[in-house]
$ cat coords-v6.cif   # mmCIF, C-alpha atoms
data_coords
#
loop_
_atom_site.label_atom_id
_atom_site.label_comp_id
_atom_site.auth_asym_id
_atom_site.auth_seq_id
_atom_site.Cartn_x
_atom_site.Cartn_y
_atom_site.Cartn_z
CA PHE D 1 4.62 28.21 33.70
CA LEU D 2 1.94 27.13 31.25
CA TYR D 3 3.43 29.39 28.53
CA ARG D 4 6.80 27.70 28.86
CA LEU D 5 5.22 24.28 28.58
CA GLU D 6 3.33 25.26 25.42
CA SER D 7 6.33 26.76 23.65
CA GLN D 8 8.29 23.58 24.28
CA VAL D 9 5.74 21.49 22.46
CA SER D 10 5.67 23.13 19.01
CA PHE D 11 8.10 22.05 16.33
CA ASN D 12 11.14 24.29 15.79
CA ALA D 13 11.69 24.19 12.04
CA ASP D 14 14.79 26.42 12.02
CA GLU D 15 16.64 24.25 14.49
CA ALA D 16 15.73 21.10 12.58
CA SER D 17 16.83 22.74 9.33
CA VAL D 18 20.30 23.51 10.71
CA SER D 19 20.67 20.00 12.03
CA VAL D 20 19.71 18.45 8.69
CA LYS D 21 22.05 20.70 6.67
CA GLU D 22 24.94 19.59 8.85
CA CYS D 23 24.08 15.93 8.24
CA ILE D 24 23.93 16.40 4.47
CA GLU D 25 27.25 18.26 4.35
CA ALA D 26 28.93 15.61 6.47
CA ILE D 27 27.75 12.77 4.27
CA ILE D 28 27.85 14.06 0.67
CA GLY D 29 29.53 17.47 0.85
CA GLY D 30 32.26 17.59 -1.82
CA LEU D 31 31.28 14.29 -3.50
CA ASP D 32 30.06 13.69 -7.07
CA TYR D 33 26.89 11.72 -7.88
CA ASN D 34 27.77 8.04 -7.80
CA GLN D 35 25.12 5.47 -8.66
CA ASN D 36 26.83 2.80 -6.59
CA LYS D 37 26.91 4.90 -3.45
CA VAL D 38 23.70 6.87 -3.59
CA ASN D 39 21.79 4.09 -1.84
CA GLN D 40 24.09 4.33 1.22
CA TRP D 41 24.01 8.12 1.15
CA THR D 42 20.23 8.47 1.37
CA ALA D 43 20.10 5.85 4.13
CA SER D 44 22.87 7.60 6.10
CA ILE D 45 21.31 11.02 5.72
CA VAL D 46 17.92 9.93 7.02
CA GLU D 47 19.40 7.90 9.89
CA HIS D 48 21.74 10.62 11.08
CA SER D 49 19.14 13.35 10.77
CA LEU D 50 16.67 11.25 12.73
CA THR D 51 19.23 10.53 15.47
CA GLN D 52 19.99 14.25 15.86
CA LEU D 53 16.31 15.12 16.05
CA VAL D 54 15.52 12.45 18.62
CA LYS D 55 18.49 13.62 20.75
CA GLN D 56 16.71 16.93 21.26
CA GLY D 57 14.41 14.97 23.55
CA ARG D 58 11.17 16.68 22.45
CA PRO D 59 7.85 14.81 22.57
CA PHE D 60 7.49 14.16 18.83
CA LYS D 61 7.26 11.31 16.36
CA PHE D 62 9.44 12.05 13.31
CA ILE D 63 9.49 11.15 9.65
CA VAL D 64 12.57 12.06 7.61
CA ASN D 65 12.53 11.74 3.85
CA CYS D 66 15.56 12.21 1.56
CA ALA D 67 15.74 12.32 -2.25
CA ILE D 68 19.01 12.56 -4.19
CA MET D 69 18.83 13.28 -7.91
CA GLN D 70 21.59 13.36 -10.48
CA LYS D 71 21.82 16.69 -12.34
CA SER D 72 21.06 15.92 -15.95
CA GLY D 73 18.45 18.42 -17.00
CA ALA D 74 15.43 16.36 -15.97
CA GLY D 75 12.62 18.14 -14.22
CA LEU D 76 11.75 17.11 -10.67
CA HIS D 77 8.78 18.31 -8.69
CA THR D 78 7.77 17.37 -5.17
CA ALA D 79 4.74 18.24 -3.04
CA ASN D 80 3.43 17.20 0.34
CA SER D 81 0.20 17.60 2.20
CA CYS D 82 -0.48 16.89 5.86
CA TYR D 83 -3.59 16.11 7.85
CA TRP D 84 -2.61 16.86 11.45
CA ASP D 85 -2.80 19.33 14.33
CA THR D 86 -1.47 22.61 12.95
CA ALA D 87 -0.89 24.03 16.44
CA THR D 88 1.71 21.45 17.44
CA ASP D 89 2.88 19.61 14.32
CA GLY D 90 5.22 20.92 11.68
CA SER D 91 7.63 20.22 8.89
CA CYS D 92 10.72 21.64 7.28
CA THR D 93 12.35 20.97 3.92
CA VAL D 94 16.03 21.49 3.15
CA ARG D 95 17.22 21.79 -0.45
CA TRP D 96 20.92 21.28 -1.08
CA GLU D 97 22.94 20.95 -4.27
CA ASN D 98 26.41 20.74 -5.65
CA ARG D 99 27.79 20.48 -9.20
CA THR D 100 26.47 16.96 -9.89
CA MET D 101 23.41 16.38 -7.73
CA TYR D 102 20.42 17.75 -5.83
CA CYS D 103 19.47 16.58 -2.35
CA VAL D 104 16.05 17.35 -0.85
CA VAL D 105 15.35 16.37 2.76
CA SER D 106 11.94 16.78 4.44
CA VAL D 107 11.31 16.40 8.14
CA PHE D 108 7.79 15.92 9.52
CA ALA D 109 7.22 16.20 13.27
CA VAL D 110 3.98 14.99 14.83
CA ALA D 111 3.36 15.81 18.50
CA LEU D 112 2.91 12.91 20.86
CA THR D 113 -0.46 13.09 22.58
CA CYS D 114 -0.14 12.26 26.26
CA MET T 1 -13.93 -11.44 17.47
CA ASP T 2 -14.70 -7.98 18.83
CA GLU T 3 -11.01 -7.27 19.34
CA PHE T 4 -10.15 -8.19 15.76
CA GLN T 5 -12.82 -5.84 14.42
CA THR T 6 -11.54 -2.96 16.54
CA GLY T 7 -8.04 -3.68 15.23
CA GLU T 8 -9.22 -3.40 11.61
CA GLU T 9 -10.92 -0.08 12.17
CA THR T 10 -8.00 1.57 13.87
CA ALA T 11 -5.04 0.02 12.06
CA PHE T 12 -3.11 1.41 9.11
CA VAL T 13 -4.16 -0.90 6.27
CA VAL T 14 -1.51 -0.76 3.56
CA ASP T 15 -3.62 -2.28 0.76
CA GLU T 16 -6.48 0.09 1.34
CA VAL T 17 -4.18 3.11 1.30
CA SER T 18 -2.32 1.82 -1.75
CA THR T 19 -5.57 1.57 -3.72
CA ILE T 20 -6.56 5.11 -2.77
CA ILE T 21 -3.18 6.45 -3.91
CA LYS T 22 -3.22 4.58 -7.23
CA GLU T 23 -6.66 5.99 -8.00
CA SER T 24 -5.57 9.52 -7.09
CA VAL T 25 -2.49 9.33 -9.32
CA GLU T 26 -4.39 7.84 -12.27
CA GLY T 27 -7.08 10.46 -11.89
CA ALA T 28 -4.64 13.36 -11.76
CA ILE T 29 -2.01 12.41 -14.38
CA GLY T 30 -3.09 9.18 -16.10
CA GLY T 31 -2.69 9.46 -19.86
CA ASN T 32 -0.66 12.70 -19.73
CA ALA T 33 2.91 13.31 -20.93
CA TYR T 34 5.40 15.22 -18.71
CA GLN T 35 4.80 18.96 -19.04
CA HIS T 36 6.86 21.43 -17.07
CA SER T 37 4.06 23.99 -16.96
CA ARG T 38 1.54 21.57 -15.47
CA VAL T 39 3.59 19.46 -13.09
CA ASN T 40 3.10 21.91 -10.21
CA GLN T 41 -0.67 21.52 -10.48
CA TRP T 42 -0.37 17.74 -10.81
CA THR T 43 1.63 17.16 -7.63
CA THR T 44 -0.79 19.37 -5.75
CA ASN T 45 -3.78 17.47 -7.13
CA VAL T 46 -2.30 14.09 -6.29
CA VAL T 47 -1.58 14.98 -2.64
CA GLU T 48 -4.86 16.78 -2.10
CA GLN T 49 -7.00 14.06 -3.64
CA SER T 50 -5.13 11.35 -1.70
CA LEU T 51 -5.44 13.21 1.58
CA SER T 52 -9.13 13.88 1.10
CA GLN T 53 -9.84 10.19 0.39
CA LEU T 54 -7.71 9.11 3.37
CA SER T 55 -9.47 11.41 5.81
CA LYS T 56 -12.80 10.03 4.56
CA LEU T 57 -11.76 6.64 5.96
CA GLY T 58 -12.56 8.16 9.35
CA LYS T 59 -9.70 6.44 11.16
CA PRO T 60 -7.95 8.05 14.16
CA PHE T 61 -4.80 8.94 12.22
CA LYS T 62 -2.75 11.97 11.24
CA TYR T 63 -1.49 11.66 7.65
CA ILE T 64 1.49 12.92 5.67
CA VAL T 65 1.40 12.48 1.90
CA THR T 66 4.40 13.28 -0.31
CA CYS T 67 4.50 13.15 -4.10
CA VAL T 68 7.50 13.30 -6.43
CA ILE T 69 7.12 13.61 -10.21
CA MET T 70 10.23 13.22 -12.31
CA GLN T 71 10.70 13.51 -16.05
CA LYS T 72 12.23 10.41 -17.66
CA ASN T 73 15.54 11.33 -19.21
CA GLY T 74 18.03 8.90 -17.79
CA ALA T 75 18.82 10.74 -14.54
CA GLY T 76 19.15 8.66 -11.40
CA LEU T 77 16.83 9.30 -8.44
CA GLN T 78 17.14 7.69 -5.02
CA THR T 79 14.87 8.32 -2.04
CA ALA T 80 14.89 7.02 1.53
CA SER T 81 12.77 7.60 4.64
CA SER T 82 13.38 6.94 8.27
CA CYS T 83 10.67 7.12 10.94
CA PHE T 84 10.66 7.50 14.70
CA TRP T 85 7.20 6.40 15.76
CA ASP T 86 5.13 3.67 17.36
CA ASN T 87 5.71 0.45 15.40
CA THR T 88 2.56 -1.17 16.67
CA THR T 89 0.12 1.48 15.42
CA ASP T 90 1.81 3.59 12.75
CA GLY T 91 2.56 2.67 9.15
CA SER T 92 3.53 3.85 5.70
CA CYS T 93 2.99 2.89 2.11
CA THR T 94 4.77 3.96 -1.08
CA VAL T 95 3.31 3.71 -4.57
CA ARG T 96 5.51 3.92 -7.67
CA TRP T 97 3.78 4.79 -10.92
CA GLY T 98 5.21 5.56 -14.33
CA ASN T 99 4.33 6.07 -17.95
CA LYS T 100 6.43 6.72 -21.06
CA SER T 101 7.52 10.24 -20.05
CA MET T 102 7.54 10.42 -16.26
CA TYR T 103 7.75 8.68 -12.89
CA CYS T 104 5.45 9.49 -9.98
CA ILE T 105 6.30 8.30 -6.46
CA VAL T 106 3.79 8.84 -3.67
CA SER T 107 4.42 8.04 0.01
CA VAL T 108 1.80 8.05 2.74
CA PHE T 109 2.70 8.00 6.44
CA GLY T 110 -0.10 7.33 8.94
CA LEU T 111 0.45 8.13 12.61
CA ALA T 112 -2.06 6.99 15.19
CA ILE T 113 -3.52 9.65 17.39
#
$ encode --input "coords-v6.cif" --output "structure tokens"
Amino acid sequence: FLYRLESQVSFNADEASVSVKECIEAIIGGLDYNQNKVNQWTASIVEHSLTQLVKQGRPFKFIVNCAIMQKSGAGLHTANSCYWDTATDGSCTVRWENRTMYCVVSVFAVALTC
Amino acid sequence: MDEFQTGEETAFVVDEVSTIIKESVEGAIGGNAYQHSRVNQWTTNVVEQSLSQLSKLGKPFKYIVTCVIMQKNGAGLQTASSCFWDNTTDGSCTVRWGNKSMYCIVSVFGLAI
């Protein structure tokens, strides 16, 4: 009984990853980079991803971050560091691209302490 | 008066965090031009230095620090974040820094324990 309870409380990165990929595809799959729309796209991606994650009903706080960059030869580097409880908290990063842009989404899940 | 003091010690203070981040970025990449071979080390240094200074504050928070460094060459970059947390205790702060050859964007998310 205790084992089941414990496994429910750690973050499932694979599941989150699948959920996020679906959100990205639905919002920008097949589109070209458009400066006028990119604002809406990043907002939609983070909102939809967050909604899907919260629907899973797990006891976590979430932070979803999305960056969309036009493909023009520029270099882009990202890093993140977390000070948390490594037993229960976790993150996952999804990298997606098409012909004209890169999209990088990171999800951070922090367990709720009861 | 006691309550206000407790609030200060356990709240996410944006200005304080912002100052820490700016110092970490300046210390790690101030005065440098974008270099592909070093950028990996730079992002790591920025997040590690920031996190170490934040944990020294001794507040009851978990922290997430993200850093993006982008070369300036006309490309467009857009970022957004959405958070599902406790609005009364948790907070975030984003610092944008740039020089002639690159942009550096650092975000800190603090979640109360």
$ closest_atom_pairs --input "coords-v6.cif" --of "range 18-113 of chain T" --to "range 37-59 of chain D" --cutoff "12 Å" --atoms "all atoms listed in the file" --output "Markdown table"
| residue | atom | partner | partner_atom | distance |
| --- | --- | --- | --- | --- |
| T:Gly76 | CA | D:Val38 | CA | 9.2 |
| T:Leu77 | CA | D:Val38 | CA | 8.8 |
| T:Gln78 | CA | D:Asn39 | CA | 6.7 |
| T:Thr79 | CA | D:Thr42 | CA | 6.4 |
| T:Ala80 | CA | D:Thr42 | CA | 5.5 |
| T:Ser81 | CA | D:Val46 | CA | 6.1 |
| T:Ser82 | CA | D:Val46 | CA | 5.6 |
| T:Cys83 | CA | D:Leu50 | CA | 7.5 |
| T:Phe84 | CA | D:Leu50 | CA | 7.4 |
| T:Trp85 | CA | D:Val54 | CA | 10.7 |
$ closest_residue --input "coords-v6.cif" --among "D:Ile63, D:Val104, D:Ala87, D:Ala13" --to "chain T" --atoms "only C-alpha atoms"
D:Ile63
$ resolve_selection --input "coords-v6.cif" --expression "the PyMOL selection byres ((chain T) within 10 of (chain D))" --output "PyMOL selection string"
chain T and resi 34-36+39-52+54-55+61-86+102-113
$ atom_distance --input "coords-v6.cif" --atom1 "CA of Ile28 in chain D" --atom2 "CA of Phe11 in chain D"
26.4 Å
$ atom_distance --input "coords-v6.cif" --atom1 "CA of Glu15 in chain D" --atom2 "CA of Thr100 in chain D"
27.3 Å
$ resolve_selection --input "coords-v6.cif" --expression "the PyMOL selection byres ((chain T and resi 14-20) around 7)" --output "list in words"
Phe12, Val13, Ile21, Lys22, Glu23, Ser24, Ser50, Gln53, Cys93 and Val95 of chain T
$ atom_distance --input "coords-v6.cif" --atom1 "CA of Asn36 in chain D" --atom2 "CA of Val18 in chain D"
27.8 Å
$ resolve_selection --input "coords-v6.cif" --expression "the PyMOL selection byres ((chain D and resi 30) around 12)" --output "list in words"
Ile24, Glu25, Ala26, Ile27, Ile28, Gly29, Leu31, Asp32, Tyr33, Trp96, Glu97, Asn98, Arg99, Thr100 and Met101 of chain D
$ axis_aligned_box --input "coords-v6.cif" --around "range 83-98 of chain D" --padding-each-side "3 Å" --output "JSON"
{"center_x": 11.4, "center_y": 20.1, "center_z": 5.9, "size_x": 36.0, "size_y": 13.9, "size_z": 29.1}
$ decode --input "coords-v6.cif" --residues "range 67-85 of chain D" --atoms "N, CA and C atoms" --output "CSV table (one decimal), in the first residue's frame"
chain,number,residue,atom,x,y,z
D,67,ALA,N,10.2,28.4,-25.4
D,67,ALA,CA,11.0,29.4,-26.2
D,67,ALA,C,10.8,29.0,-27.6
D,68,ILE,N,10.5,30.0,-28.5
D,68,ILE,CA,10.4,29.7,-29.9
D,68,ILE,C,11.4,30.6,-30.6
D,69,MET,N,12.3,30.0,-31.4
D,69,MET,CA,13.4,30.8,-32.0
D,69,MET,C,13.4,30.6,-33.5
D,70,GLN,N,13.4,31.7,-34.3
D,70,GLN,CA,13.5,31.7,-35.7
D,70,GLN,C,14.8,31.0,-36.1
D,71,LYS,N,14.8,30.2,-37.2
D,71,LYS,CA,16.0,29.6,-37.7
D,71,LYS,C,16.7,30.5,-38.6
D,72,SER,N,17.9,31.1,-38.1
D,72,SER,CA,18.6,32.0,-39.0
D,72,SER,C,20.1,31.8,-38.8
D,73,GLY,N,20.5,30.8,-38.2
D,73,GLY,CA,21.9,30.5,-38.0
D,73,GLY,C,22.5,31.0,-36.7
D,74,ALA,N,21.7,31.7,-35.9
D,74,ALA,CA,22.2,32.2,-34.6
D,74,ALA,C,22.3,31.0,-33.6
D,75,GLY,N,23.2,31.2,-32.7
D,75,GLY,CA,23.4,30.1,-31.7
D,75,GLY,C,22.5,30.4,-30.5
D,76,LEU,N,21.9,29.3,-30.0
D,76,LEU,CA,21.1,29.5,-28.8
D,76,LEU,C,21.5,28.4,-27.8
D,77,HIS,N,21.7,28.8,-26.6
D,77,HIS,CA,22.0,27.8,-25.5
D,77,HIS,C,21.2,28.0,-24.3
D,78,THR,N,20.6,27.0,-23.7
D,78,THR,CA,19.9,27.1,-22.5
D,78,THR,C,20.4,26.2,-21.5
D,79,ALA,N,20.2,26.6,-20.2
D,79,ALA,CA,20.6,25.7,-19.1
D,79,ALA,C,19.6,25.9,-18.0
D,80,ASN,N,19.4,24.9,-17.1
D,80,ASN,CA,18.6,25.2,-15.9
D,80,ASN,C,19.2,24.4,-14.7
D,81,SER,N,19.0,24.9,-13.5
D,81,SER,CA,19.5,24.3,-12.3
D,81,SER,C,18.4,24.4,-11.3
D,82,CYS,N,18.2,23.4,-10.5
D,82,CYS,CA,17.1,23.3,-9.6
D,82,CYS,C,17.5,22.9,-8.2
D,83,TYR,N,17.0,23.7,-7.2
D,83,TYR,CA,17.3,23.4,-5.8
D,83,TYR,C,16.0,22.9,-5.2
D,84,TRP,N,15.9,21.6,-5.1
D,84,TRP,CA,14.6,21.0,-4.7
D,84,TRP,C,14.8,19.6,-4.1
D,85,ASP,N,13.7,18.9,-4.0
D,85,ASP,CA,13.8,17.5,-3.4
D,85,ASP,C,13.9,16.5,-4.5
